[in-house]
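Inspection log for the structure reproduced underneath, given as structure tokens.
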Amino acid sequence: RRRDIQMVWAAGLGHIGGEYSVIDILVTLYLHALNTSPERLEDPGRDRFILSKGHAAAALYTTLAVAGFLPPEQLATFMQPMSQLNGHPARTKIAAVEASTGPLGHGLPIAVGTAFAGQLDGSPRRTFVVVGDGELQEGSNWEALMTAGNYRLDHLCVIVDRNRLQQGARVADTNDLEPLADKLTAFGFDVVGVDGHDH
């Protein structure tokens, strides 16, 4: 958390709220759950992770550095001219980034396609994706959820960062998602509520 806020402060840009609401999830995934490593970036059997809420890029970069995917000194270049560490993760800049994200509503459909490809290949790899709750107001996410349920993508884990906030308003005041768990269950998901800050 300290390194994340130092990066944002130095750049004068970033999304601290969205980063702090997801950073424990990222640390848990990269240090304890994902079957991947810096040496396995080209291994087709590695697990995949997509940060759909790409505006939380500083949290992802910090976590990638802790997990050995980026040199820690590179974090000082966040948002600097010609830096590989853009304000949104870019696959063309960082090898550990599975998909370029930023426009909300794109990461989940990409994750569904990735999980479906794994299912077609008979691969045991898993696909994890983090979406923001405000982002779930995008229709493309619901089409992706419906597709995931239709194809019973058992190796897909969708993590909804339920901080109940979006830029400028509360999610409930813009487009209330409740009852979210019931909606996801209706699409065929096994839904588990967790404290995203409890490792």
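Chain identifiers are assigned as A, B, and so on, following the order in which chains appear in the structure tokens; residues are numbered from 1 within each chain, and ligands are numbered from 1 in order of appearance.
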* To do: For segment 96-99 of chain A, work out the shell of residues within 10 Å, counting only C-alpha atoms and skipping chain neighbours fewer than 6 positions away, then give it as a ChimeraX atom specification.
  => /A:36-38,40-42,48-52,54,60-61,64,69-70,89-90,106-107,110-111,114
* Asked: Do you know which residues are at most 7 Å from segment 9-25 of chain A counting only C-alpha atoms, after dropping those on the same chain fewer than 6 positions away, and could you put them as JSON, numbers by chain?
  -> {"A": [55, 56, 58, 59, 78, 79, 161, 163, 196, 197, 199]}
Could the residues in this selection be saved with C-alpha atoms as a CSV table (one decimal), in the first residue's frame?
chain,number,residue,atom,x,y,z
A,55,HIS,CA,-7.6,2.1,-13.6
A,56,ALA,CA,-6.2,0.2,-10.6
A,58,ALA,CA,-0.7,1.0,-9.8
A,59,ALA,CA,-1.9,-1.8,-7.5
A,78,PHE,CA,4.8,5.0,-13.2
A,79,MET,CA,3.0,7.4,-15.6
A,161,ASP,CA,-14.6,-5.7,-6.2
A,163,ASN,CA,-16.4,-1.2,-2.9
A,196,GLY,CA,-11.6,-8.8,0.1
A,197,HIS,CA,-9.1,-7.5,2.7
A,199,HIS,CA,-6.0,-12.8,3.1
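For the pair atom CA of Pro109 of chain A and atom CA of Ser140 of chain A, the separation is 7.0 Å.
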* Asked: Could you pull out all residues of chain A with a DSSP call of strand (DSSP E or B) and give them as a ChimeraX atom specification?
  -> /A:48-51,127-132,156-161,165-166,169-170
Selection export as an mmCIF file, in the first residue's frame, atoms kept: C-alpha atoms:
data_model
loop_
_atom_site.group_PDB
_atom_site.id
_atom_site.type_symbol
_atom_site.label_atom_id
_atom_site.label_comp_id
_atom_site.auth_asym_id
_atom_site.auth_seq_id
_atom_site.Cartn_x
_atom_site.Cartn_y
_atom_site.Cartn_z
ATOM 1 C CA ARG A 48 -4.378 -16.278 -16.392
ATOM 2 C CA PHE A 49 -5.283 -13.078 -14.557
ATOM 3 C CA ILE A 50 -7.055 -10.069 -16.054
ATOM 4 C CA LEU A 51 -7.575 -6.804 -14.187
ATOM 5 C CA THR A 127 -8.714 -17.742 -15.556
ATOM 6 C CA PHE A 128 -9.240 -15.119 -12.863
ATOM 7 C CA VAL A 129 -10.690 -11.677 -13.525
ATOM 8 C CA VAL A 130 -11.346 -8.740 -11.204
ATOM 9 C CA VAL A 131 -14.173 -6.397 -12.161
ATOM 10 C CA GLY A 132 -15.363 -3.317 -10.320
ATOM 11 C CA LEU A 156 -13.323 -19.122 -14.604
ATOM 12 C CA CYS A 157 -13.273 -17.153 -11.349
ATOM 13 C CA VAL A 158 -14.930 -13.726 -11.500
ATOM 14 C CA ILE A 159 -14.041 -11.523 -8.545
ATOM 15 C CA VAL A 160 -16.317 -8.519 -8.108
ATOM 16 C CA ASP A 161 -14.598 -5.739 -6.166
ATOM 17 C CA LEU A 165 -18.243 3.345 -5.247
ATOM 18 C CA GLN A 166 -17.562 4.645 -8.704
ATOM 19 C CA ALA A 169 -21.155 8.630 -7.050
ATOM 20 C CA ARG A 170 -22.178 5.519 -5.182
#
* Nearest to Gln119 of chain A by atom-to-atom distance, counting only C-alpha atoms, from A:Ile5, A:Ala148, A:Ala181, A:Ala57 ->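 Distance minimum relative to Gln119 of chain A lands on A:Ala148.
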* Looking only at helix (DSSP H, G or I) from DSSP on the backbone, list the matching residues of segment 52-171 of chain A as a PyMOL selection string. => chain A and resi 54-66+72-77+107-121+134-137+139-150+171
* Distance of atom CA of Gly118 of chain A from atom CA of Arg46 of chain A, expressed in Å to one decimal place ->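 These atoms are spaced 10.5 Å apart.
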* Asked: Which residue gives the smallest distance to Gly68 of chain A among A:Leu85, A:Val191, A:Leu31, A:Leu108, with only C-alpha atoms counted?
  ->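 Checking each of A:Leu85, A:Val191, A:Leu31, A:Leu108 against Gly68 of chain A, counting only C-alpha atoms, the winner is A:Leu31.
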* Find the spatial neighbours of Glu178 of chain A, counting only C-alpha atoms, within a cut-off of 12 Å - ignore same-chain residues fewer than 4 positions away - and output them as a PyMOL selection string. => chain A and resi 133+136-137+162+164+171-173+182-184
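Note that the spacing between atom CA of Gly193 of chain A and atom CA of Asp154 of chain A amounts to 17.8 Å.
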* Asked: Out of A:Asp195, A:Asp121, A:Asp190, A:Glu135, which residue has the shortest atom-to-atom distance to Asp176 of chain A when counting only C-alpha atoms?
  -> A:Glu135
* From the set A:Thr101, A:Asn141, A:Gln6, A:Thr147, which residue has the shortest atom-to-atom contact distance to Thr62 of chain A, counting only C-alpha atoms? ->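 Checking each candidate against Thr62 of chain A, we get A:Gln6 as the closest.
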